[in-house]
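Asker: Following this line is final-v8.cif, made up of mmCIF, C-alpha atoms:
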```
data_query
loop_
_atom_site.group_PDB
_atom_site.id
_atom_site.type_symbol
_atom_site.label_atom_id
_atom_site.label_comp_id
_atom_site.auth_asym_id
_atom_site.auth_seq_id
_atom_site.Cartn_x
_atom_site.Cartn_y
_atom_site.Cartn_z
ATOM 1 C CA MET A 797 -8.328 21.727 11.037
ATOM 2 C CA ALA A 798 -7.553 19.335 13.884
ATOM 3 C CA GLY A 799 -5.670 21.775 16.145
ATOM 4 C CA PRO A 800 -8.603 23.476 17.937
ATOM 5 C CA LEU A 801 -10.185 20.202 19.098
ATOM 6 C CA THR A 802 -10.312 19.793 22.885
ATOM 7 C CA LEU A 803 -10.383 16.589 24.901
ATOM 8 C CA ALA A 804 -14.119 17.101 25.414
ATOM 9 C CA ALA A 805 -14.757 17.170 21.651
ATOM 10 C CA PRO A 806 -17.069 14.432 20.350
ATOM 11 C CA ALA A 807 -15.228 11.515 18.746
ATOM 12 C CA PRO A 808 -16.932 12.084 15.340
ATOM 13 C CA GLU A 809 -15.185 15.473 15.157
ATOM 14 C CA ALA A 810 -11.825 13.737 15.540
ATOM 15 C CA LEU A 811 -12.860 11.311 12.808
ATOM 16 C CA ALA A 812 -13.790 14.218 10.528
ATOM 17 C CA ALA A 813 -10.404 15.867 11.154
ATOM 18 C CA TRP A 814 -8.634 12.612 10.297
ATOM 19 C CA LEU A 815 -10.552 12.201 7.052
ATOM 20 C CA VAL A 816 -9.639 15.758 6.023
ATOM 21 C CA HIS A 817 -6.005 14.926 6.818
ATOM 22 C CA LEU A 818 -6.147 11.810 4.624
ATOM 23 C CA ALA A 819 -7.812 13.547 1.712
ATOM 24 C CA GLN A 820 -6.052 16.910 1.709
ATOM 25 C CA GLU A 821 -2.626 16.310 3.261
ATOM 26 C CA ARG A 822 -1.970 12.681 2.393
ATOM 27 C CA ARG A 823 -3.961 12.901 -0.868
ATOM 28 C CA VAL A 824 -5.436 9.442 -0.404
ATOM 29 C CA SER A 825 -7.893 8.312 -3.062
ATOM 30 C CA PRO A 826 -11.587 8.948 -2.327
ATOM 31 C CA ARG A 827 -12.294 5.213 -2.398
ATOM 32 C CA THR A 828 -9.693 4.490 0.280
ATOM 33 C CA VAL A 829 -10.889 7.412 2.422
ATOM 34 C CA GLU A 830 -14.422 6.039 2.192
ATOM 35 C CA ALA A 831 -13.293 2.552 3.261
ATOM 36 C CA TYR A 832 -11.304 3.914 6.201
ATOM 37 C CA ALA A 833 -14.194 6.127 7.247
ATOM 38 C CA ALA A 834 -16.648 3.217 7.232
ATOM 39 C CA ALA A 835 -14.321 1.043 9.321
ATOM 40 C CA VAL A 836 -13.674 3.692 11.989
ATOM 41 C CA ARG A 837 -17.350 4.726 12.168
ATOM 42 C CA ARG A 838 -18.199 1.115 13.015
ATOM 43 C CA TYR A 839 -15.493 1.215 15.667
ATOM 44 C CA LEU A 840 -16.788 4.446 17.219
ATOM 45 C CA ASP A 841 -20.396 3.227 17.144
ATOM 46 C CA PHE A 842 -19.378 0.026 18.917
ATOM 47 C CA LEU A 843 -17.440 1.929 21.608
ATOM 48 C CA GLN A 844 -20.342 4.294 22.240
ATOM 49 C CA ARG A 845 -22.776 1.410 22.709
ATOM 50 C CA HIS A 846 -20.234 -0.430 24.846
ATOM 51 C CA MET A 847 -19.579 2.551 27.113
ATOM 52 C CA GLY A 848 -23.213 3.635 27.230
ATOM 53 C CA GLN A 849 -22.412 7.332 26.883
ATOM 54 C CA ALA A 850 -21.292 9.923 24.371
ATOM 55 C CA LEU A 851 -17.798 9.180 23.126
ATOM 56 C CA THR A 852 -15.223 11.974 23.449
ATOM 57 C CA LEU A 853 -11.695 12.468 22.261
ATOM 58 C CA GLU A 854 -10.450 11.915 25.806
ATOM 59 C CA ALA A 855 -12.314 8.592 26.007
ATOM 60 C CA LEU A 856 -10.521 7.362 22.878
ATOM 61 C CA GLY A 857 -7.275 7.646 24.790
ATOM 62 C CA ARG A 858 -8.651 5.297 27.446
ATOM 63 C CA VAL A 859 -9.822 2.517 25.131
ATOM 64 C CA GLU A 860 -8.376 -0.762 26.364
ATOM 65 C CA ALA A 861 -7.006 -3.634 24.330
ATOM 66 C CA ALA A 862 -9.863 -5.841 25.556
ATOM 67 C CA GLU A 863 -12.389 -3.394 24.122
ATOM 68 C CA LEU A 864 -10.697 -3.400 20.731
ATOM 69 C CA ARG A 865 -10.626 -7.204 20.777
ATOM 70 C CA ALA A 866 -14.337 -7.193 21.661
ATOM 71 C CA PHE A 867 -14.986 -4.957 18.657
ATOM 72 C CA LEU A 868 -13.165 -7.381 16.332
ATOM 73 C CA ALA A 869 -15.045 -10.323 17.847
ATOM 74 C CA HIS A 870 -18.305 -8.439 17.254
ATOM 75 C CA LEU A 871 -17.426 -8.071 13.563
ATOM 76 C CA ARG A 872 -16.364 -11.711 13.315
ATOM 77 C CA GLN A 873 -19.595 -13.004 14.864
ATOM 78 C CA GLY A 874 -22.067 -10.534 13.364
ATOM 79 C CA ALA A 875 -24.989 -11.196 11.053
ATOM 80 C CA VAL A 876 -22.568 -10.758 8.132
ATOM 81 C CA PRO A 877 -19.254 -12.024 9.579
ATOM 82 C CA LEU A 878 -16.131 -10.368 8.222
ATOM 83 C CA SER A 879 -13.375 -12.507 6.780
ATOM 84 C CA PRO A 880 -9.938 -12.557 8.451
ATOM 85 C CA ARG A 881 -8.618 -10.313 5.656
ATOM 86 C CA SER A 882 -11.413 -7.760 6.179
ATOM 87 C CA LEU A 883 -10.833 -7.849 9.927
ATOM 88 C CA ALA A 884 -7.129 -7.174 9.387
ATOM 89 C CA GLN A 885 -7.975 -4.212 7.144
ATOM 90 C CA THR A 886 -10.393 -2.842 9.750
ATOM 91 C CA LEU A 887 -7.766 -3.148 12.482
ATOM 92 C CA SER A 888 -5.293 -1.329 10.227
ATOM 93 C CA ALA A 889 -7.747 1.549 9.798
ATOM 94 C CA VAL A 890 -8.314 1.785 13.566
ATOM 95 C CA ARG A 891 -4.579 1.799 14.281
ATOM 96 C CA THR A 892 -3.974 4.482 11.660
ATOM 97 C CA PHE A 893 -6.747 6.587 13.224
ATOM 98 C CA HIS A 894 -5.201 6.232 16.692
ATOM 99 C CA ARG A 895 -1.772 7.198 15.371
ATOM 100 C CA PHE A 896 -3.343 10.382 14.029
ATOM 101 C CA LEU A 897 -4.939 11.066 17.431
ATOM 102 C CA ASP A 898 -1.538 10.650 19.064
ATOM 103 C CA ARG A 899 0.566 12.672 16.624
ATOM 104 C CA ARG A 900 -1.881 15.430 15.717
ATOM 105 C CA LEU A 901 -4.224 15.718 18.689
ATOM 106 C CA GLY A 902 -1.979 14.619 21.551
ATOM 107 C CA VAL A 903 -4.206 11.704 22.580
ATOM 108 C CA ALA A 904 -1.996 8.637 22.875
ATOM 109 C CA ASN A 905 -3.235 5.085 23.358
ATOM 110 C CA ALA A 906 -0.586 2.381 23.590
ATOM 111 C CA ALA A 907 -3.196 -0.311 24.255
ATOM 112 C CA VAL A 908 -4.343 -0.514 20.634
ATOM 113 C CA THR A 909 -0.831 -1.518 19.540
ATOM 114 C CA LEU A 910 -1.095 -4.632 21.728
ATOM 115 C CA VAL A 911 -3.933 -6.113 19.681
ATOM 116 C CA ARG A 912 -2.817 -8.512 16.986
ATOM 117 C CA GLY A 913 -4.860 -9.007 13.867
ATOM 118 C CA PRO A 914 -6.269 -12.348 12.743
ATOM 119 C CA ARG A 915 -3.978 -14.714 10.919
ATOM 120 C CA VAL A 916 -4.653 -14.500 7.210
ATOM 121 C CA ARG A 917 -4.135 -17.796 5.468
ATOM 122 C CA PRO A 918 -1.697 -17.228 2.593
ATOM 123 C CA GLY A 919 -2.993 -18.199 -0.787
ATOM 124 C CA ALA A 920 -1.124 -19.798 -3.633
ATOM 125 C CA PRO A 921 1.604 -17.617 -5.137
ATOM 126 C CA ARG A 922 -0.109 -15.213 -7.469
ATOM 127 C CA PRO A 923 0.009 -11.581 -8.513
ATOM 128 C CA VAL A 924 -1.898 -9.051 -6.479
ATOM 129 C CA SER A 925 -5.082 -7.751 -8.075
ATOM 130 C CA GLU A 926 -5.259 -4.320 -9.656
ATOM 131 C CA VAL A 927 -7.174 -2.995 -6.637
ATOM 132 C CA GLN A 928 -4.649 -4.484 -4.209
ATOM 133 C CA ALA A 929 -1.745 -3.042 -6.197
ATOM 134 C CA LEU A 930 -3.261 0.438 -6.055
ATOM 135 C CA GLU A 931 -3.911 0.047 -2.313
ATOM 136 C CA LEU A 932 -0.245 -0.829 -1.790
ATOM 137 C CA LEU A 933 0.812 2.262 -3.728
ATOM 138 C CA GLU A 934 -1.418 4.474 -1.574
ATOM 139 C CA GLN A 935 -0.378 3.070 1.804
ATOM 140 C CA PRO A 936 2.929 4.947 2.313
ATOM 141 C CA GLY A 937 0.980 8.209 2.287
ATOM 142 C CA LEU A 938 -1.201 6.925 5.127
ATOM 143 C CA ASP A 939 1.667 6.250 7.529
ATOM 144 C CA PRO A 940 2.007 9.193 9.951
ATOM 145 C CA GLU A 941 5.335 7.810 11.186
ATOM 146 C CA LEU A 942 6.965 8.656 7.860
ATOM 147 C CA ASP A 943 8.163 12.108 6.912
ATOM 148 C CA PRO A 944 6.358 13.298 3.763
ATOM 149 C CA TRP A 945 9.500 12.845 1.655
ATOM 150 C CA GLU A 946 9.870 9.246 2.890
ATOM 151 C CA ALA A 947 6.250 8.517 2.018
ATOM 152 C CA ALA A 948 6.862 10.005 -1.451
ATOM 153 C CA ARG A 949 10.010 7.875 -1.807
ATOM 154 C CA ASP A 950 8.273 4.610 -0.886
ATOM 155 C CA ALA A 951 5.349 5.407 -3.184
ATOM 156 C CA ALA A 952 7.758 6.183 -6.048
ATOM 157 C CA VAL A 953 9.639 2.892 -5.628
ATOM 158 C CA LEU A 954 6.422 0.860 -5.519
ATOM 159 C CA THR A 955 5.112 2.717 -8.553
ATOM 160 C CA LEU A 956 8.261 1.848 -10.507
ATOM 161 C CA LEU A 957 7.860 -1.836 -9.609
ATOM 162 C CA TYR A 958 4.204 -2.000 -10.632
ATOM 163 C CA GLY A 959 4.092 0.673 -13.336
ATOM 164 C CA CYS A 960 7.272 -0.406 -15.162
ATOM 165 C CA GLY A 961 7.755 -4.012 -14.062
ATOM 166 C CA LEU A 962 11.188 -3.261 -12.575
ATOM 167 C CA ARG A 963 13.060 -5.463 -10.144
ATOM 168 C CA ILE A 964 13.971 -3.855 -6.800
ATOM 169 C CA SER A 965 17.626 -3.682 -7.812
ATOM 170 C CA GLU A 966 16.700 -1.969 -11.070
ATOM 171 C CA ALA A 967 14.536 0.675 -9.400
ATOM 172 C CA LEU A 968 17.229 1.388 -6.802
ATOM 173 C CA SER A 969 19.905 1.677 -9.509
ATOM 174 C CA LEU A 970 18.444 4.965 -10.794
ATOM 175 C CA ARG A 971 20.695 7.975 -10.279
ATOM 176 C CA ARG A 972 19.935 11.619 -9.658
ATOM 177 C CA SER A 973 20.884 12.440 -13.247
ATOM 178 C CA ASP A 974 18.134 10.098 -14.483
ATOM 179 C CA ALA A 975 15.409 12.367 -13.061
ATOM 180 C CA PRO A 976 13.162 13.709 -14.372
ATOM 181 C CA LEU A 977 12.643 10.434 -16.192
ATOM 182 C CA PRO A 978 11.999 10.628 -19.958
ATOM 183 C CA ARG A 979 9.053 9.003 -21.718
ATOM 184 C CA THR A 980 11.255 5.948 -22.259
ATOM 185 C CA PHE A 981 14.471 5.076 -20.460
ATOM 186 C CA ARG A 982 17.071 2.315 -20.557
ATOM 187 C CA ILE A 983 17.505 0.018 -17.599
ATOM 188 C CA THR A 984 20.181 -2.629 -17.098
ATOM 189 C CA GLY A 985 18.890 -5.847 -15.590
ATOM 190 C CA LYS A 986 20.177 -9.334 -14.880
ATOM 191 C CA GLY A 987 23.248 -10.414 -16.781
ATOM 192 C CA GLY A 988 23.914 -6.859 -17.907
ATOM 193 C CA LYS A 989 20.977 -7.083 -20.322
ATOM 194 C CA THR A 990 19.706 -3.595 -21.244
ATOM 195 C CA ARG A 991 16.112 -2.924 -22.215
ATOM 196 C CA LEU A 992 13.977 0.076 -23.104
ATOM 197 C CA VAL A 993 11.195 0.816 -20.594
ATOM 198 C CA PRO A 994 8.244 3.087 -21.453
ATOM 199 C CA LEU A 995 7.115 5.388 -18.670
ATOM 200 C CA LEU A 996 3.521 6.084 -17.698
ATOM 201 C CA PRO A 997 2.715 9.655 -16.589
ATOM 202 C CA ALA A 998 1.707 8.358 -13.139
ATOM 203 C CA VAL A 999 5.164 6.822 -12.671
ATOM 204 C CA ARG A 1000 6.934 10.014 -13.715
ATOM 205 C CA GLU A 1001 4.712 12.063 -11.373
ATOM 206 C CA ALA A 1002 5.496 9.772 -8.434
ATOM 207 C CA VAL A 1003 9.255 10.008 -9.035
ATOM 208 C CA ASP A 1004 9.054 13.782 -9.562
ATOM 209 C CA ALA A 1005 7.148 14.172 -6.276
ATOM 210 C CA TYR A 1006 9.901 12.307 -4.431
ATOM 211 C CA VAL A 1007 12.676 14.313 -6.106
ATOM 212 C CA ALA A 1008 10.965 17.577 -5.153
ATOM 213 C CA ALA A 1009 10.451 16.471 -1.529
ATOM 214 C CA GLN A 1010 13.747 14.698 -0.678
ATOM 215 C CA PRO A 1011 15.998 16.867 1.507
ATOM 216 C CA PHE A 1012 19.477 15.870 0.315
ATOM 217 C CA ALA A 1013 21.886 17.675 -2.035
ATOM 218 C CA LEU A 1014 22.609 14.872 -4.499
ATOM 219 C CA ALA A 1015 25.322 14.899 -7.123
ATOM 220 C CA PRO A 1016 24.312 13.733 -10.617
ATOM 221 C CA GLU A 1017 26.062 10.370 -10.136
ATOM 222 C CA ASP A 1018 24.467 9.688 -6.712
ATOM 223 C CA LEU A 1019 21.832 6.991 -6.404
ATOM 224 C CA LEU A 1020 18.417 8.638 -6.492
ATOM 225 C CA PHE A 1021 16.615 6.842 -3.658
ATOM 226 C CA ARG A 1022 17.965 7.635 -0.193
ATOM 227 C CA ALA A 1023 17.423 6.256 3.304
ATOM 228 C CA ARG A 1024 16.378 8.405 6.254
ATOM 229 C CA ARG A 1025 19.964 9.324 7.157
ATOM 230 C CA GLY A 1026 20.975 10.045 3.588
ATOM 231 C CA GLY A 1027 22.629 6.799 2.520
ATOM 232 C CA PRO A 1028 21.461 4.759 -0.466
ATOM 233 C CA LEU A 1029 18.144 2.996 0.052
ATOM 234 C CA SER A 1030 18.605 -0.760 0.483
ATOM 235 C CA PRO A 1031 16.544 -3.571 -1.063
ATOM 236 C CA ARG A 1032 15.899 -4.783 2.480
ATOM 237 C CA HIS A 1033 14.045 -1.549 3.236
ATOM 238 C CA VAL A 1034 11.724 -2.118 0.274
ATOM 239 C CA GLN A 1035 11.095 -5.729 1.311
ATOM 240 C CA ALA A 1036 10.384 -4.761 4.920
ATOM 241 C CA MET A 1037 8.172 -1.883 3.822
ATOM 242 C CA VAL A 1038 6.003 -4.139 1.627
ATOM 243 C CA GLN A 1039 5.873 -6.729 4.403
ATOM 244 C CA GLY A 1040 4.435 -4.110 6.749
ATOM 245 C CA LEU A 1041 1.972 -2.875 4.138
ATOM 246 C CA ARG A 1042 0.631 -6.325 3.339
ATOM 247 C CA ARG A 1043 0.036 -6.990 7.043
ATOM 248 C CA ARG A 1044 -1.803 -3.692 7.290
ATOM 249 C CA LEU A 1045 -3.984 -4.589 4.306
ATOM 250 C CA GLY A 1046 -4.409 -8.253 5.227
ATOM 251 C CA LEU A 1047 -2.728 -9.484 2.037
ATOM 252 C CA PRO A 1048 -1.087 -12.932 1.778
ATOM 253 C CA ASP A 1049 2.654 -13.489 2.133
ATOM 254 C CA SER A 1050 2.857 -13.818 -1.641
ATOM 255 C CA ALA A 1051 2.296 -10.030 -1.915
ATOM 256 C CA THR A 1052 5.997 -9.199 -2.181
ATOM 257 C CA PRO A 1053 7.826 -6.449 -4.097
ATOM 258 C CA HIS A 1054 8.495 -8.997 -6.830
ATOM 259 C CA ALA A 1055 4.760 -9.758 -6.959
ATOM 260 C CA LEU A 1056 4.230 -6.189 -8.208
ATOM 261 C CA ARG A 1057 6.483 -6.981 -11.177
ATOM 262 C CA HIS A 1058 4.529 -10.228 -11.589
ATOM 263 C CA SER A 1059 1.288 -8.211 -11.480
ATOM 264 C CA PHE A 1060 2.611 -5.750 -14.069
ATOM 265 C CA ALA A 1061 3.017 -8.638 -16.517
ATOM 266 C CA THR A 1062 -0.229 -10.413 -15.642
ATOM 267 C CA HIS A 1063 -2.355 -7.274 -15.889
ATOM 268 C CA LEU A 1064 -0.787 -6.385 -19.253
ATOM 269 C CA LEU A 1065 -1.565 -9.878 -20.528
ATOM 270 C CA GLY A 1066 -5.129 -9.633 -19.279
ATOM 271 C CA ALA A 1067 -5.503 -6.306 -21.084
ATOM 272 C CA GLY A 1068 -4.467 -7.869 -24.398
ATOM 273 C CA ALA A 1069 -0.687 -7.396 -24.598
ATOM 274 C CA ASP A 1070 1.200 -10.191 -26.365
ATOM 275 C CA LEU A 1071 3.787 -12.353 -24.639
ATOM 276 C CA ARG A 1072 6.675 -11.203 -26.852
ATOM 277 C CA SER A 1073 6.093 -7.560 -25.905
ATOM 278 C CA ILE A 1074 5.834 -8.464 -22.216
ATOM 279 C CA GLN A 1075 9.045 -10.490 -22.536
ATOM 280 C CA GLU A 1076 10.835 -7.382 -23.821
ATOM 281 C CA LEU A 1077 9.386 -5.152 -21.097
ATOM 282 C CA LEU A 1078 10.473 -7.567 -18.355
ATOM 283 C CA GLY A 1079 13.903 -8.199 -19.879
ATOM 284 C CA HIS A 1080 13.533 -11.976 -19.954
ATOM 285 C CA ALA A 1081 15.973 -13.967 -22.067
ATOM 286 C CA SER A 1082 13.446 -16.712 -22.852
ATOM 287 C CA LEU A 1083 9.732 -16.672 -23.517
ATOM 288 C CA SER A 1084 9.192 -19.637 -21.179
ATOM 289 C CA THR A 1085 10.213 -17.439 -18.232
ATOM 290 C CA THR A 1086 7.648 -14.841 -19.281
ATOM 291 C CA GLN A 1087 4.927 -17.475 -19.540
ATOM 292 C CA ARG A 1088 5.637 -18.476 -15.951
ATOM 293 C CA TYR A 1089 5.146 -14.869 -14.857
ATOM 294 C CA THR A 1090 1.942 -14.262 -16.780
ATOM 295 C CA GLN A 1091 -0.460 -17.003 -15.813
ATOM 296 C CA VAL A 1092 -3.921 -15.502 -15.957
ATOM 297 C CA ASP A 1093 -6.075 -16.248 -12.902
ATOM 298 C CA ALA A 1094 -8.437 -19.185 -13.266
ATOM 299 C CA GLU A 1095 -11.284 -16.902 -12.221
ATOM 300 C CA ARG A 1096 -10.579 -14.560 -15.138
ATOM 301 C CA LEU A 1097 -10.466 -17.476 -17.585
ATOM 302 C CA LEU A 1098 -13.726 -18.871 -16.235
ATOM 303 C CA ALA A 1099 -15.369 -15.451 -16.419
ATOM 304 C CA ALA A 1100 -14.269 -15.008 -20.029
ATOM 305 C CA TYR A 1101 -15.501 -18.521 -20.850
ATOM 306 C CA ALA A 1102 -18.881 -17.923 -19.223
ATOM 307 C CA LYS A 1103 -19.276 -14.631 -21.066
ATOM 308 C CA ALA A 1104 -18.242 -15.877 -24.520
ATOM 309 C CA HIS A 1105 -19.406 -19.476 -24.793
ATOM 310 C CA PRO A 1106 -22.824 -19.883 -26.470
ATOM 311 C CA HIS A 1107 -24.005 -22.433 -23.909
ATOM 312 C CA ALA A 1108 -22.738 -20.587 -20.827
#
```
Let's see the structure in the file written out as structure tokens.
Answerer:
Amino acid sequence: MAGPLTLAAPAPEALAAWLVHLAQERRVSPRTVEAYAAAVRRYLDFLQRHMGQALTLEALGRVEAAELRAFLAHLRQGAVPLSPRSLAQTLSAVRTFHRFLDRRLGVANAAVTLVRGPRVRPGAPRPVSEVQALELLEQPGLDPELDPWEAARDAAVLTLLYGCGLRISEALSLRRSDAPLPRTFRITGKGGKTRLVPLLPAVREAVDAYVAAQPFALAPEDLLFRARRGGPLSPRHVQAMVQGLRRRLGLPDSATPHALRHSFATHLLGAGADLRSIQELLGHASLSTTQRYTQVDAERLLAAYAKAHPHA
């Protein structure tokens, strides 16, 4: 584990300890671990060339903001320049690595927090992709500033939004007596309209993990999701949390909590679900509202056209 590492330890050993932490303690997906590892290896390679000597754990604590900016400029001007979104994701990985060095290995570096990522031009309002949605769901577990139960809570709320198409208010209306959630459960939405929501195993597992980890003695009628000090979790927390996650991942401003509900509908439509079924799952009073939520991306339509048309 990371504990025995000394300040003279080579930087790759600190990287290896961090990757073990992500995979075994945070239970991050192998694909995300691989992406983070690639980003930080590029960072360490750049620093070693820049400093002209073997990079140690102690040296990572002395990295200056100018050196991190030089690294980002190197990626932006390389043979295969990275896009602003990719640069933002790389910077997020580096910051997460440095937070681990500070919290687990006692090597702080305030300079890296001074570096701002590139401005990512927001795209047109649209649902996040399936990959982006899964990345958002994984991110709470990567934040070392959160207690494990808080990370489980944030992941559970996001999973309810994307896995069930709930509004924030609907997810936060669940009470302690509702857990463990059944295979289908009733939720009351706008206008007091009640609908039946089927539950995927992954959603139930995420909620169960939060219930098992949360530290409060809740009465059956208490709201299930709690803030750090024990009060009910507010919608503003969920909005701020997603705002921070999208900056970390370099996603556009349109990647909001409501966009996960939007994505739930769009991805179901793309997988072959009919609009009437999606209308029922979302709790919409009119089908026209559902159609507005489930516009399939032009790229997907063009891809289907190119694949199916005889002259494509």
Asker: A:Gln935: which residues within 10 Å, counting all atoms listed in the file, same-chain residues fewer than 5 positions away excluded, as a list in words?
Answerer: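 Residues meeting the cut-off are Arg822, Val824, Thr828, Leu930, Ala947, Asp950, Ala951, Val1038, Gly1040, Leu1041, Arg1042, Arg1044 and Leu1045 of chain A.
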Asker: Keeping only C-alpha atoms, write the selected residues as an mmCIF file, in the frame of the given file.
Answerer:
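Below is the file that was written, out-v9.cif:
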```
data_model
loop_
_atom_site.group_PDB
_atom_site.id
_atom_site.type_symbol
_atom_site.label_atom_id
_atom_site.label_comp_id
_atom_site.auth_asym_id
_atom_site.auth_seq_id
_atom_site.Cartn_x
_atom_site.Cartn_y
_atom_site.Cartn_z
ATOM 1 C CA ARG A 822 -1.970 12.681 2.393
ATOM 2 C CA VAL A 824 -5.436 9.442 -0.404
ATOM 3 C CA THR A 828 -9.693 4.490 0.280
ATOM 4 C CA LEU A 930 -3.261 0.438 -6.055
ATOM 5 C CA ALA A 947 6.250 8.517 2.018
ATOM 6 C CA ASP A 950 8.273 4.610 -0.886
ATOM 7 C CA ALA A 951 5.349 5.407 -3.184
ATOM 8 C CA VAL A 1038 6.003 -4.139 1.627
ATOM 9 C CA GLY A 1040 4.435 -4.110 6.749
ATOM 10 C CA LEU A 1041 1.972 -2.875 4.138
ATOM 11 C CA ARG A 1042 0.631 -6.325 3.339
ATOM 12 C CA ARG A 1044 -1.803 -3.692 7.290
ATOM 13 C CA LEU A 1045 -3.984 -4.589 4.306
#
```
Asker: What's the separation between atom CA of A:Thr852 and atom CA of A:Leu801, in Å to one decimal place?
Answerer: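 Computing it gives 10.6 Å between the two atoms.
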Asker: Out of A:Ala1015, A:Leu887, A:Leu815, A:Ala1055, which residue has the shortest atom-to-atom distance to A:Leu864 when counting only C-alpha atoms?
Answerer: A:Leu887
Asker: Of the candidates A:Gly988, A:Pro914, A:Pro1031, A:Pro1016, which one gets nearest to A:Leu878 if we count all atoms listed in the file?
Answerer: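 For A:Leu878, the nearest of the candidates is A:Pro914.
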Asker: For the file shown, report as a PyMOL selection string the outcome of the PyMOL selection byres ((chain A and resi 897) around 12) at residue level.
Answerer: chain A and resi 798-799+801-803+807+809-815+817+852-857+890-896+898-906+940
Asker: Report, in Å with one decimal, the straight-line distance from atom CA of A:Ala975 to atom CA of A:Leu1014.
Answerer: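 These atoms are spaced 11.5 Å apart.
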Asker: For the PyMOL selection byres ((chain A and resi 832-848) around 6), applied here, can you spell out every residue it catches as a list of chain:residue names?
Answerer: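 Listing what the PyMOL selection byres ((chain A and resi 832-848) around 6) selects in the shown file: A:Val829, A:Glu830, A:Ala831, A:Gln849, A:Leu851, A:Thr886, A:Ala889, A:Val890.
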Asker: Under the rule that all atoms listed in the file are counted, which of A:Thr984, A:Thr990, A:Gln885, A:Gln928 is the nearest residue to A:Thr1052?
Answerer: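 Using all atoms listed in the file, the shortest distance to A:Thr1052 belongs to A:Gln928.
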Asker: When you get a chance, write out N, CA, C and O atoms for stretch 999-1010 of chain A, as a compact mmCIF listing (two decimals), in the coordinates of the input.
Answerer:
```txt
# COMPACT_ATOMS: atom_id res chain seq x y z
N VAL A 999 3.86 7.21 -13.21
CA VAL A 999 5.16 6.82 -12.67
C VAL A 999 6.08 8.05 -12.61
O VAL A 999 6.75 8.29 -11.61
N ARG A 1000 6.10 8.81 -13.69
CA ARG A 1000 6.93 10.01 -13.72
C ARG A 1000 6.51 10.98 -12.61
O ARG A 1000 7.35 11.58 -11.93
N GLU A 1001 5.20 11.15 -12.41
CA GLU A 1001 4.71 12.06 -11.37
C GLU A 1001 5.14 11.60 -9.98
O GLU A 1001 5.50 12.43 -9.13
N ALA A 1002 5.10 10.29 -9.75
CA ALA A 1002 5.50 9.77 -8.43
C ALA A 1002 6.98 10.01 -8.18
O ALA A 1002 7.38 10.41 -7.07
N VAL A 1003 7.82 9.78 -9.20
CA VAL A 1003 9.26 10.01 -9.04
C VAL A 1003 9.54 11.50 -8.88
O VAL A 1003 10.35 11.91 -8.04
N ASP A 1004 8.86 12.33 -9.67
CA ASP A 1004 9.05 13.78 -9.56
C ASP A 1004 8.67 14.30 -8.17
O ASP A 1004 9.33 15.18 -7.62
N ALA A 1005 7.59 13.74 -7.62
CA ALA A 1005 7.15 14.17 -6.28
C ALA A 1005 8.21 13.84 -5.23
O ALA A 1005 8.47 14.63 -4.32
N TYR A 1006 8.83 12.66 -5.37
CA TYR A 1006 9.90 12.31 -4.43
C TYR A 1006 11.10 13.23 -4.60
O TYR A 1006 11.67 13.72 -3.62
N VAL A 1007 11.51 13.47 -5.85
CA VAL A 1007 12.68 14.31 -6.11
C VAL A 1007 12.46 15.71 -5.52
O VAL A 1007 13.36 16.30 -4.91
N ALA A 1008 11.25 16.23 -5.67
CA ALA A 1008 10.96 17.58 -5.15
C ALA A 1008 10.96 17.61 -3.63
O ALA A 1008 11.29 18.64 -3.02
N ALA A 1009 10.61 16.49 -2.99
CA ALA A 1009 10.45 16.47 -1.53
C ALA A 1009 11.72 16.05 -0.79
O ALA A 1009 11.90 16.43 0.37
N GLN A 1010 12.60 15.24 -1.41
CA GLN A 1010 13.75 14.70 -0.68
C GLN A 1010 14.70 15.82 -0.27
O GLN A 1010 14.92 16.77 -1.02
```
